[in-house]
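Worksheet for the structure shown next.
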Amino acid sequence: MIPTDSMDVALSDMLVFVVAALAGIGVAVLAAVVTLMALRPIQARRRADRLARAQRDFHRQREQLEAKFIEHAASSGKPRGLRWVDVDFDDDVFYARDRRSQGLKALVAIEVSFEAIEGGGMEEVEAVSDVRAATAEFLHDGTRWRTAGRVYFNLGPDATVKYLEQDLELVAEEHASPQ
C-alpha cells in the first residue's frame with residue numbers, strides 16, 4: 001500500500017498538470033478567437049477592394065460585354081420562334097454574390113424587342129412586337145467579366161435578386177441618377 005502522503009503528492013501533481021493543460025488550451029482558444037476577430041476587418045476590406053476593382057472593370061468592359069451578351073442571347077434560340085431585334089441596356093447595375101460559389105454577378109435591366117421568324121409559329125401573335133422587360137446577367141470569374149447571354153424575363157435586377165434570394169445576396173447597387 002502507498003503511504004497517504006505519497007498519494008496526496010501524486011494527486012497534487014496530477015491536479016497541477018490538469019490545471020496547466022486546461023490553461024494552455026484556454027490560452028490557445030483565446031488566441032484563436034482574438035486572431036479571427038482581428039482578421040475579420042481585414043477580410044472585409046479585401047472583399048470591398050475586390051468588389052471595387054470588379055465594378056471598375058465592369059464599367060471599362062461594359063460596351064464589349066453588352067455586345068457579347070446580345071450575340072449569345074440572340075443565338076440561344078430563346079424565345080422560340082423569335083429573332084432578337086434590339087436590346088436597350090439601363091445604366092443602373094446591381095451586383096450580387098452567389099451564396100455557394102461566392103462568384104460575383106452584375107445584373108442590368110434591359111428592354112428587348114423581337115420579331116417573328118418566318119415559319120417559327122409566332123408570325124400571327126400580336127404580342128411579338130411588344131417590348132419585353134428583362135435582366136441581363138454578367139459573371140465575374142475572379143479575374144474578368146464574361147457573359148453567357150443569360151436573361152431573366154419579366155424581372156428587373158432587384159426582383160431577380162429577390163426571386164433568387166436562396167442563391168444570391170445583393171452586395172452593391174449603382175444608380176446612374178440619384179434615387
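Order determines the names: the first chain of the C-alpha cells is A, the second B, and so forth; residues in each chain are numbered 1 upward, and ligands are numbered 1 upward as they are shown.
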
Give me, as a PyMOL selection string, the residues of segment 4-96 of chain A that a backbone DSSP run labels alpha helix (DSSP H). chain A and resi 4-74

Expected file: the selected residues, C-alpha atoms, as an mmCIF file, in the first residue's frame:
```
data_model
loop_
_atom_site.group_PDB
_atom_site.id
_atom_site.type_symbol
_atom_site.label_atom_id
_atom_site.label_comp_id
_atom_site.auth_asym_id
_atom_site.auth_seq_id
_atom_site.Cartn_x
_atom_site.Cartn_y
_atom_site.Cartn_z
ATOM 1 C CA THR A 4 -1.157 8.673 2.153
ATOM 2 C CA ASP A 5 1.400 11.448 1.832
ATOM 3 C CA SER A 6 2.589 9.962 -1.479
ATOM 4 C CA MET A 7 -0.989 9.776 -2.748
ATOM 5 C CA ASP A 8 -1.552 13.404 -1.847
ATOM 6 C CA VAL A 9 1.621 14.383 -3.686
ATOM 7 C CA ALA A 10 0.616 12.337 -6.773
ATOM 8 C CA LEU A 11 -2.898 13.805 -6.796
ATOM 9 C CA SER A 12 -1.481 17.254 -6.276
ATOM 10 C CA ASP A 13 0.953 16.791 -9.192
ATOM 11 C CA MET A 14 -1.866 15.456 -11.388
ATOM 12 C CA LEU A 15 -4.094 18.384 -10.463
ATOM 13 C CA VAL A 16 -1.319 20.849 -11.322
ATOM 14 C CA PHE A 17 -0.834 19.090 -14.680
ATOM 15 C CA VAL A 18 -4.593 19.174 -15.489
ATOM 16 C CA VAL A 19 -4.885 22.846 -14.496
ATOM 17 C CA ALA A 20 -1.829 23.721 -16.614
ATOM 18 C CA ALA A 21 -3.198 21.770 -19.587
ATOM 19 C CA LEU A 22 -6.591 23.462 -19.315
ATOM 20 C CA ALA A 23 -4.932 26.862 -19.011
ATOM 21 C CA GLY A 24 -2.863 26.118 -22.104
ATOM 22 C CA ILE A 25 -5.973 25.083 -24.036
ATOM 23 C CA GLY A 26 -7.794 28.186 -22.809
ATOM 24 C CA VAL A 27 -4.932 30.422 -23.953
ATOM 25 C CA ALA A 28 -4.889 28.704 -27.358
ATOM 26 C CA VAL A 29 -8.668 29.119 -27.793
ATOM 27 C CA LEU A 30 -8.478 32.748 -26.696
ATOM 28 C CA ALA A 31 -5.615 33.383 -29.129
ATOM 29 C CA ALA A 32 -7.636 31.788 -31.961
ATOM 30 C CA VAL A 33 -10.707 33.907 -31.161
ATOM 31 C CA VAL A 34 -8.647 37.105 -30.975
ATOM 32 C CA THR A 35 -6.931 36.236 -34.281
ATOM 33 C CA LEU A 36 -10.255 35.601 -36.001
ATOM 34 C CA MET A 37 -11.667 38.853 -34.656
ATOM 35 C CA ALA A 38 -8.599 40.733 -35.876
ATOM 36 C CA LEU A 39 -8.792 39.118 -39.329
ATOM 37 C CA ARG A 40 -12.477 39.877 -39.875
ATOM 38 C CA PRO A 41 -11.979 43.593 -40.699
ATOM 39 C CA ILE A 42 -9.006 42.728 -42.902
ATOM 40 C CA GLN A 43 -11.086 40.182 -44.817
ATOM 41 C CA ALA A 44 -13.957 42.663 -45.137
ATOM 42 C CA ARG A 45 -11.564 45.293 -46.504
ATOM 43 C CA ARG A 46 -10.115 42.825 -49.025
ATOM 44 C CA ARG A 47 -13.604 41.824 -50.143
ATOM 45 C CA ALA A 48 -14.558 45.509 -50.543
ATOM 46 C CA ASP A 49 -11.382 46.143 -52.559
ATOM 47 C CA ARG A 50 -12.115 43.159 -54.837
ATOM 48 C CA LEU A 51 -15.688 44.402 -55.340
ATOM 49 C CA ALA A 52 -14.484 47.927 -56.191
ATOM 50 C CA ARG A 53 -11.953 46.507 -58.676
ATOM 51 C CA ALA A 54 -14.617 44.281 -60.271
ATOM 52 C CA GLN A 55 -17.023 47.230 -60.554
ATOM 53 C CA ARG A 56 -14.326 49.364 -62.176
ATOM 54 C CA ASP A 57 -13.511 46.538 -64.615
ATOM 55 C CA PHE A 58 -17.195 46.064 -65.445
ATOM 56 C CA HIS A 59 -17.524 49.706 -66.455
ATOM 57 C CA ARG A 60 -14.336 49.557 -68.531
ATOM 58 C CA GLN A 61 -15.544 46.463 -70.397
ATOM 59 C CA ARG A 62 -19.255 47.207 -70.418
ATOM 60 C CA GLU A 63 -19.621 48.016 -74.123
ATOM 61 C CA GLN A 64 -17.903 44.773 -75.193
ATOM 62 C CA LEU A 65 -19.821 42.784 -72.571
ATOM 63 C CA GLU A 66 -23.136 44.136 -73.831
ATOM 64 C CA ALA A 67 -22.226 43.238 -77.432
ATOM 65 C CA LYS A 68 -21.204 39.731 -76.325
ATOM 66 C CA PHE A 69 -24.429 39.421 -74.331
ATOM 67 C CA ILE A 70 -26.545 40.254 -77.388
ATOM 68 C CA GLU A 71 -24.547 37.807 -79.516
ATOM 69 C CA HIS A 72 -25.023 34.931 -77.022
ATOM 70 C CA ALA A 73 -28.658 35.696 -76.207
ATOM 71 C CA ALA A 74 -29.655 36.088 -79.864
#
```

Segment 155-165 of chain A: which residues within 7 Å, counting only C-alpha atoms, same-chain residues fewer than 6 positions away excluded, as a list of chain:residue names? A:Phe94, A:Leu107, A:Val108, A:Ala109, A:Ala133, A:Ala134, A:Thr135

Prev. selection, N, CA and C atoms, output as a PDB file, in the first residue's frame:
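Below is the file that was written, again-v7.pdb:
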```pdb
ATOM      1  N   PHE A  94     -26.770  46.283 -60.641  1.00  0.00           N
ATOM      2  CA  PHE A  94     -26.913  45.636 -59.337  1.00  0.00           C
ATOM      3  C   PHE A  94     -25.871  44.520 -59.287  1.00  0.00           C
ATOM      4  N   LEU A 107     -26.069  42.544 -62.647  1.00  0.00           N
ATOM      5  CA  LEU A 107     -27.409  42.417 -63.219  1.00  0.00           C
ATOM      6  C   LEU A 107     -27.833  43.784 -63.729  1.00  0.00           C
ATOM      7  N   VAL A 108     -28.252  43.819 -65.001  1.00  0.00           N
ATOM      8  CA  VAL A 108     -28.611  45.076 -65.650  1.00  0.00           C
ATOM      9  C   VAL A 108     -29.993  44.928 -66.280  1.00  0.00           C
ATOM     10  N   ALA A 109     -30.858  45.905 -66.019  1.00  0.00           N
ATOM     11  CA  ALA A 109     -32.192  45.897 -66.633  1.00  0.00           C
ATOM     12  C   ALA A 109     -32.043  46.133 -68.130  1.00  0.00           C
ATOM     13  N   ALA A 133     -39.463  43.559 -70.853  1.00  0.00           N
ATOM     14  CA  ALA A 133     -38.527  43.919 -69.781  1.00  0.00           C
ATOM     15  C   ALA A 133     -37.849  42.647 -69.290  1.00  0.00           C
ATOM     16  N   ALA A 134     -36.575  42.773 -68.972  1.00  0.00           N
ATOM     17  CA  ALA A 134     -35.815  41.612 -68.507  1.00  0.00           C
ATOM     18  C   ALA A 134     -34.560  42.092 -67.781  1.00  0.00           C
ATOM     19  N   THR A 135     -33.785  41.134 -67.316  1.00  0.00           N
ATOM     20  CA  THR A 135     -32.497  41.416 -66.677  1.00  0.00           C
ATOM     21  C   THR A 135     -31.415  40.605 -67.368  1.00  0.00           C
TER      22      THR A 135
END
```

Please, what distance in Å, to one decimal, runs between atom CA of Val125 of chain A and atom CA of Gly81 of chain A? 10.6 Å

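Residues lying within 12 Å of Lys78 of chain A, counting only C-alpha atoms and ignoring same-chain neighbours fewer than 6 positions away, are His72, Trp84, Phe114, Ala116, Ile117, Gly120, Gly149, Arg150, Val151, Tyr152 and Phe153 of chain A.
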